Amino acid sequence: MLYIALLRGINVGGHNVKMDVLRQLFTDLGFANVRTYIQSGNVFFETDETDRDALARKIEDHLLASLGYDVPTFLRTADELAAILALDPFKHLDVTDDMRLAITFTTDPIRDLSLPARSPKNDMEIVHATDHEAFVVWYIINGRPPANNWLDKTVGKRTTTRFFHTTGKILEAARGG
């Protein structure tokens, strides 16, 4: 089974990890065909393990022991990521230069969310959600991207975010493109 691991906190906030080191950490866990894509913690690997929760815990425990800090791990298969991208709830938007389209991945289910949901500062808007993904429009105000405080309170703190177009590139790279 080919998995795509989306890691939170890699190469941000002083948590710098070289991609060859990250690949080795995944190889040390016995995974096959380990590859990375860009520097933000996107790892592709193959394993026979089918218990996704156990697999994520195994990765998180190993990264914590090796790196010394918590690295929340979000696992999707290539087919799952393709289905998420195919939803494209942004297609109806007239995107301007001050907007960024993002997907926030969660470990806990997203519940009781009335959509669209807009942050009090009007710098974020959730336009669609699945059980474990929120499709978010970021509004750049005075040249600054929004802070994730509202998003964390709304969908949960165990999240990681990728820009929509980057997620498409992650999928393409995972599939060998």
# chains A, B, ... in the order shown; residues from 1 in each chain; ligands from 1
>>> select_by_dssp(residues="range 3-43 of chain A", states="strand (DSSP E or B)", output="PDB file with N, CA and C atoms, in the first residue's frame")
ATOM      1  N   TYR A   3       1.348   4.975   0.840  1.00  0.00           N
ATOM      2  CA  TYR A   3       0.809   6.017   1.706  1.00  0.00           C
ATOM      3  C   TYR A   3       1.516   7.327   1.443  1.00  0.00           C
ATOM      4  N   ILE A   4       0.780   8.396   1.649  1.00  0.00           N
ATOM      5  CA  ILE A   4       1.326   9.740   1.633  1.00  0.00           C
ATOM      6  C   ILE A   4       1.214  10.248   3.065  1.00  0.00           C
ATOM      7  N   ALA A   5       2.356  10.539   3.672  1.00  0.00           N
ATOM      8  CA  ALA A   5       2.377  11.091   5.029  1.00  0.00           C
ATOM      9  C   ALA A   5       2.556  12.595   4.913  1.00  0.00           C
ATOM     10  N   LEU A   6       1.597  13.320   5.431  1.00  0.00           N
ATOM     11  CA  LEU A   6       1.676  14.771   5.511  1.00  0.00           C
ATOM     12  C   LEU A   6       2.033  15.100   6.954  1.00  0.00           C
ATOM     13  N   LEU A   7       3.220  15.639   7.165  1.00  0.00           N
ATOM     14  CA  LEU A   7       3.734  15.873   8.501  1.00  0.00           C
ATOM     15  C   LEU A   7       3.583  17.341   8.878  1.00  0.00           C
ATOM     16  N   ALA A  32       9.120   0.659   2.590  1.00  0.00           N
ATOM     17  CA  ALA A  32       9.791   0.499   1.294  1.00  0.00           C
ATOM     18  C   ALA A  32       9.546   1.717   0.410  1.00  0.00           C
ATOM     19  N   ASN A  33      10.434   1.901  -0.552  1.00  0.00           N
ATOM     20  CA  ASN A  33      10.296   2.955  -1.569  1.00  0.00           C
ATOM     21  C   ASN A  33       9.978   4.319  -0.961  1.00  0.00           C
ATOM     22  N   VAL A  34      10.750   4.698   0.046  1.00  0.00           N
ATOM     23  CA  VAL A  34      10.538   5.964   0.750  1.00  0.00           C
ATOM     24  C   VAL A  34      11.056   7.114  -0.111  1.00  0.00           C
ATOM     25  N   ARG A  35      10.188   8.110  -0.305  1.00  0.00           N
ATOM     26  CA  ARG A  35      10.551   9.316  -1.059  1.00  0.00           C
ATOM     27  C   ARG A  35       9.958  10.531  -0.351  1.00  0.00           C
ATOM     28  N   THR A  36      10.539  11.687  -0.601  1.00  0.00           N
ATOM     29  CA  THR A  36       9.997  12.927  -0.058  1.00  0.00           C
ATOM     30  C   THR A  36       9.709  13.884  -1.205  1.00  0.00           C
ATOM     31  N   TYR A  37       8.862  14.867  -0.905  1.00  0.00           N
ATOM     32  CA  TYR A  37       8.542  15.897  -1.891  1.00  0.00           C
ATOM     33  C   TYR A  37       8.589  17.253  -1.204  1.00  0.00           C
ATOM     34  N   ASN A  42       6.450  16.012   3.356  1.00  0.00           N
ATOM     35  CA  ASN A  42       5.581  15.147   2.560  1.00  0.00           C
ATOM     36  C   ASN A  42       6.397  13.903   2.227  1.00  0.00           C
ATOM     37  N   VAL A  43       5.970  12.765   2.746  1.00  0.00           N
ATOM     38  CA  VAL A  43       6.740  11.530   2.591  1.00  0.00           C
ATOM     39  C   VAL A  43       5.855  10.466   1.960  1.00  0.00           C
TER      40      VAL A  43
END
>>> closest_residue(among="A:Val12, A:Ala82, A:Leu93, A:Val136", to="Glu172 in chain A", atoms="only C-alpha atoms")
A:Ala82
>>> select_by_dssp(residues="range 26-131 of chain A", states="alpha helix (DSSP H)", output="PDB file with N, CA and C atoms, in the first residue's frame")
ATOM      1  N   PHE A  26      12.078   7.110   8.024  1.00  0.00           N
ATOM      2  CA  PHE A  26      10.984   6.267   7.544  1.00  0.00           C
ATOM      3  C   PHE A  26      11.499   4.898   7.102  1.00  0.00           C
ATOM      4  N   THR A  27      12.668   4.864   6.506  1.00  0.00           N
ATOM      5  CA  THR A  27      13.281   3.594   6.107  1.00  0.00           C
ATOM      6  C   THR A  27      13.586   2.748   7.340  1.00  0.00           C
ATOM      7  N   ASP A  28      14.032   3.404   8.415  1.00  0.00           N
ATOM      8  CA  ASP A  28      14.340   2.695   9.671  1.00  0.00           C
ATOM      9  C   ASP A  28      13.116   1.962  10.220  1.00  0.00           C
ATOM     10  N   ARG A  52      -4.270   2.058   9.959  1.00  0.00           N
ATOM     11  CA  ARG A  52      -3.764   3.419   9.764  1.00  0.00           C
ATOM     12  C   ARG A  52      -3.466   4.127  11.084  1.00  0.00           C
ATOM     13  N   ASP A  53      -4.311   3.950  12.084  1.00  0.00           N
ATOM     14  CA  ASP A  53      -4.060   4.610  13.367  1.00  0.00           C
ATOM     15  C   ASP A  53      -2.776   4.088  13.999  1.00  0.00           C
ATOM     16  N   ALA A  54      -2.585   2.787  13.966  1.00  0.00           N
ATOM     17  CA  ALA A  54      -1.365   2.200  14.523  1.00  0.00           C
ATOM     18  C   ALA A  54      -0.144   2.662  13.729  1.00  0.00           C
ATOM     19  N   LEU A  55      -0.288   2.746  12.439  1.00  0.00           N
ATOM     20  CA  LEU A  55       0.801   3.189  11.574  1.00  0.00           C
ATOM     21  C   LEU A  55       1.178   4.640  11.883  1.00  0.00           C
ATOM     22  N   ALA A  56       0.200   5.506  12.011  1.00  0.00           N
ATOM     23  CA  ALA A  56       0.471   6.915  12.340  1.00  0.00           C
ATOM     24  C   ALA A  56       1.148   7.026  13.699  1.00  0.00           C
ATOM     25  N   ARG A  57       0.663   6.268  14.696  1.00  0.00           N
ATOM     26  CA  ARG A  57       1.293   6.290  16.034  1.00  0.00           C
ATOM     27  C   ARG A  57       2.734   5.817  15.964  1.00  0.00           C
ATOM     28  N   LYS A  58       2.978   4.769  15.183  1.00  0.00           N
ATOM     29  CA  LYS A  58       4.340   4.233  15.023  1.00  0.00           C
ATOM     30  C   LYS A  58       5.266   5.310  14.440  1.00  0.00           C
ATOM     31  N   ILE A  59       4.810   6.000  13.426  1.00  0.00           N
ATOM     32  CA  ILE A  59       5.606   7.066  12.808  1.00  0.00           C
ATOM     33  C   ILE A  59       5.821   8.204  13.803  1.00  0.00           C
ATOM     34  N   GLU A  60       4.743   8.650  14.449  1.00  0.00           N
ATOM     35  CA  GLU A  60       4.847   9.758  15.398  1.00  0.00           C
ATOM     36  C   GLU A  60       5.774   9.426  16.553  1.00  0.00           C
ATOM     37  N   ASP A  61       5.685   8.210  17.086  1.00  0.00           N
ATOM     38  CA  ASP A  61       6.561   7.806  18.193  1.00  0.00           C
ATOM     39  C   ASP A  61       8.021   7.801  17.758  1.00  0.00           C
ATOM     40  N   HIS A  62       8.273   7.299  16.548  1.00  0.00           N
ATOM     41  CA  HIS A  62       9.652   7.231  16.041  1.00  0.00           C
ATOM     42  C   HIS A  62      10.204   8.635  15.778  1.00  0.00           C
ATOM     43  N   LEU A  63       9.395   9.500  15.214  1.00  0.00           N
ATOM     44  CA  LEU A  63       9.854  10.864  14.947  1.00  0.00           C
ATOM     45  C   LEU A  63      10.084  11.629  16.244  1.00  0.00           C
ATOM     46  N   LEU A  64       9.226  11.443  17.229  1.00  0.00           N
ATOM     47  CA  LEU A  64       9.415  12.081  18.526  1.00  0.00           C
ATOM     48  C   LEU A  64      10.724  11.622  19.170  1.00  0.00           C
ATOM     49  N   ALA A  65      10.955  10.315  19.156  1.00  0.00           N
ATOM     50  CA  ALA A  65      12.180   9.776  19.750  1.00  0.00           C
ATOM     51  C   ALA A  65      13.429  10.239  18.999  1.00  0.00           C
ATOM     52  N   SER A  66      13.321  10.369  17.697  1.00  0.00           N
ATOM     53  CA  SER A  66      14.481  10.717  16.869  1.00  0.00           C
ATOM     54  C   SER A  66      14.734  12.213  16.780  1.00  0.00           C
ATOM     55  N   LEU A  67      13.660  13.000  16.725  1.00  0.00           N
ATOM     56  CA  LEU A  67      13.805  14.442  16.517  1.00  0.00           C
ATOM     57  C   LEU A  67      13.651  15.250  17.794  1.00  0.00           C
ATOM     58  N   ALA A  78      -2.973   7.510  -2.217  1.00  0.00           N
ATOM     59  CA  ALA A  78      -3.028   8.330  -3.427  1.00  0.00           C
ATOM     60  C   ALA A  78      -4.473   8.456  -3.915  1.00  0.00           C
ATOM     61  N   ASP A  79      -5.234   7.364  -3.880  1.00  0.00           N
ATOM     62  CA  ASP A  79      -6.630   7.426  -4.323  1.00  0.00           C
ATOM     63  C   ASP A  79      -7.458   8.345  -3.428  1.00  0.00           C
ATOM     64  N   GLU A  80      -7.205   8.308  -2.131  1.00  0.00           N
ATOM     65  CA  GLU A  80      -7.929   9.196  -1.212  1.00  0.00           C
ATOM     66  C   GLU A  80      -7.596  10.655  -1.508  1.00  0.00           C
ATOM     67  N   LEU A  81      -6.317  10.942  -1.704  1.00  0.00           N
ATOM     68  CA  LEU A  81      -5.926  12.313  -1.988  1.00  0.00           C
ATOM     69  C   LEU A  81      -6.518  12.778  -3.319  1.00  0.00           C
ATOM     70  N   ALA A  82      -6.559  11.903  -4.304  1.00  0.00           N
ATOM     71  CA  ALA A  82      -7.177  12.252  -5.592  1.00  0.00           C
ATOM     72  C   ALA A  82      -8.661  12.570  -5.410  1.00  0.00           C
ATOM     73  N   ALA A  83      -9.355  11.795  -4.600  1.00  0.00           N
ATOM     74  CA  ALA A  83     -10.782  12.038  -4.358  1.00  0.00           C
ATOM     75  C   ALA A  83     -11.000  13.361  -3.620  1.00  0.00           C
ATOM     76  N   ILE A  84     -10.114  13.680  -2.700  1.00  0.00           N
ATOM     77  CA  ILE A  84     -10.197  14.950  -1.970  1.00  0.00           C
ATOM     78  C   ILE A  84     -10.026  16.113  -2.946  1.00  0.00           C
ATOM     79  N   LEU A  85      -9.020  16.018  -3.798  1.00  0.00           N
ATOM     80  CA  LEU A  85      -8.772  17.083  -4.777  1.00  0.00           C
ATOM     81  C   LEU A  85      -9.922  17.208  -5.778  1.00  0.00           C
ATOM     82  N   ALA A  86     -10.516  16.094  -6.145  1.00  0.00           N
ATOM     83  CA  ALA A  86     -11.612  16.106  -7.127  1.00  0.00           C
ATOM     84  C   ALA A  86     -12.838  16.853  -6.609  1.00  0.00           C
ATOM     85  N   LEU A  87     -12.973  16.964  -5.300  1.00  0.00           N
ATOM     86  CA  LEU A  87     -14.103  17.707  -4.738  1.00  0.00           C
ATOM     87  C   LEU A  87     -14.053  19.177  -5.174  1.00  0.00           C
TER      88      LEU A  87
END
>>> closest_atom_pairs(of="range 63-123 of chain A", to="range 157-168 of chain A", cutoff="12 Å", atoms="only C-alpha atoms", output="Markdown table")
| residue | atom | partner | partner_atom | distance |
| --- | --- | --- | --- | --- |
| A:Asp70 | CA | A:Arg158 | CA | 10.7 |
| A:Val71 | CA | A:Arg158 | CA | 9.8 |
| A:Pro72 | CA | A:Arg158 | CA | 6.7 |
| A:Thr73 | CA | A:Thr160 | CA | 8.4 |
| A:Phe74 | CA | A:Thr160 | CA | 7.7 |
| A:Leu75 | CA | A:Thr160 | CA | 11.1 |
| A:Arg76 | CA | A:Thr167 | CA | 11.6 |
| A:Ala78 | CA | A:Gly168 | CA | 10.5 |
| A:Glu80 | CA | A:Thr167 | CA | 11.9 |
| A:Leu81 | CA | A:Thr167 | CA | 8.1 |
| A:Ala82 | CA | A:Gly168 | CA | 8.0 |
| A:Ala83 | CA | A:Gly168 | CA | 11.0 |
| A:Ile84 | CA | A:Thr167 | CA | 9.6 |
| A:Leu85 | CA | A:Gly168 | CA | 7.0 |
| A:Ala86 | CA | A:Gly168 | CA | 9.8 |
| A:Leu87 | CA | A:Phe164 | CA | 11.2 |
| A:Asp88 | CA | A:Phe164 | CA | 8.8 |
| A:Pro89 | CA | A:Phe164 | CA | 10.5 |
| A:Phe90 | CA | A:Phe164 | CA | 9.2 |
| A:Lys91 | CA | A:Phe164 | CA | 11.3 |
| A:Met99 | CA | A:Phe163 | CA | 11.0 |
| A:Arg100 | CA | A:Phe163 | CA | 7.2 |
| A:Leu101 | CA | A:Phe164 | CA | 5.5 |
| A:Ala102 | CA | A:Phe163 | CA | 4.1 |
| A:Ile103 | CA | A:Arg162 | CA | 5.5 |
| A:Thr104 | CA | A:Thr161 | CA | 4.2 |
| A:Phe105 | CA | A:Thr160 | CA | 5.4 |
| A:Thr106 | CA | A:Thr159 | CA | 4.5 |
| A:Thr107 | CA | A:Arg158 | CA | 6.1 |
| A:Asp108 | CA | A:Arg158 | CA | 7.4 |
| A:Pro109 | CA | A:Arg158 | CA | 10.5 |
| A:Ile110 | CA | A:Thr159 | CA | 10.9 |
>>> write_last_selection(atoms="C-alpha atoms", output="short mmCIF file (atom, residue, chain, number, x, y, z; two decimals), in the first residue's frame")
data_model
loop_
_atom_site.label_atom_id
_atom_site.label_comp_id
_atom_site.auth_asym_id
_atom_site.auth_seq_id
_atom_site.Cartn_x
_atom_site.Cartn_y
_atom_site.Cartn_z
CA ASP A 70 5.97 15.94 18.33
CA VAL A 71 5.31 15.57 14.60
CA PRO A 72 1.60 15.01 13.97
CA THR A 73 1.22 12.64 11.02
CA PHE A 74 -1.68 12.56 8.55
CA LEU A 75 -1.87 9.52 6.28
CA ARG A 76 -3.75 9.34 3.00
CA ALA A 78 -3.03 8.33 -3.43
CA GLU A 80 -7.93 9.20 -1.21
CA LEU A 81 -5.93 12.31 -1.99
CA ALA A 82 -7.18 12.25 -5.59
CA ALA A 83 -10.78 12.04 -4.36
CA ILE A 84 -10.20 14.95 -1.97
CA LEU A 85 -8.77 17.08 -4.78
CA ALA A 86 -11.61 16.11 -7.13
CA LEU A 87 -14.10 17.71 -4.74
CA ASP A 88 -12.59 21.12 -5.63
CA PRO A 89 -15.06 23.29 -3.74
CA PHE A 90 -13.00 26.31 -4.81
CA LYS A 91 -13.92 26.06 -8.50
CA MET A 99 -6.46 34.79 -1.69
CA ARG A 100 -4.81 31.43 -1.05
CA LEU A 101 -6.67 28.12 -1.33
CA ALA A 102 -5.74 25.47 1.21
CA ILE A 103 -6.72 22.08 2.56
CA THR A 104 -6.41 21.49 6.28
CA PHE A 105 -6.07 17.81 7.19
CA THR A 106 -7.26 16.64 10.62
CA THR A 107 -6.89 13.51 12.70
CA ASP A 108 -10.12 14.04 14.63
CA PRO A 109 -13.42 14.17 12.74
CA ILE A 110 -14.75 17.61 11.88
#
>>> residues_around(residues="Asn11 in chain A", least_positions_apart="5", cutoff="12 Å", atoms="only C-alpha atoms", output="JSON, numbers by chain")
{"A": [16, 17, 18, 19, 22, 38, 39, 40, 41, 42, 67, 71]}
>>> closest_residue(among="A:His15, A:Gly177, A:Ile126, A:Glu46", to="Gly68 in chain A", atoms="only C-alpha atoms")
A:His15
>>> residues_around(residues="Pro116 in chain A", least_positions_apart="4", cutoff="7 Å", atoms="only C-alpha atoms", output="ChimeraX atom specification")
/A:125-128
>>> write_last_selection(atoms="N, CA and C atoms", output="PDB file, in the first residue's frame")
ATOM      1  N   GLU A 125     -11.846  31.505   5.611  1.00  0.00           N
ATOM      2  CA  GLU A 125     -13.211  31.031   5.410  1.00  0.00           C
ATOM      3  C   GLU A 125     -13.163  29.559   5.029  1.00  0.00           C
ATOM      4  N   ILE A 126     -13.864  28.738   5.775  1.00  0.00           N
ATOM      5  CA  ILE A 126     -13.995  27.325   5.427  1.00  0.00           C
ATOM      6  C   ILE A 126     -15.202  27.229   4.502  1.00  0.00           C
ATOM      7  N   VAL A 127     -14.958  26.767   3.274  1.00  0.00           N
ATOM      8  CA  VAL A 127     -16.036  26.717   2.290  1.00  0.00           C
ATOM      9  C   VAL A 127     -16.623  25.314   2.131  1.00  0.00           C
ATOM     10  N   HIS A 128     -15.873  24.305   2.592  1.00  0.00           N
ATOM     11  CA  HIS A 128     -16.340  22.924   2.483  1.00  0.00           C
ATOM     12  C   HIS A 128     -15.554  22.078   3.479  1.00  0.00           C
TER      13      HIS A 128
END
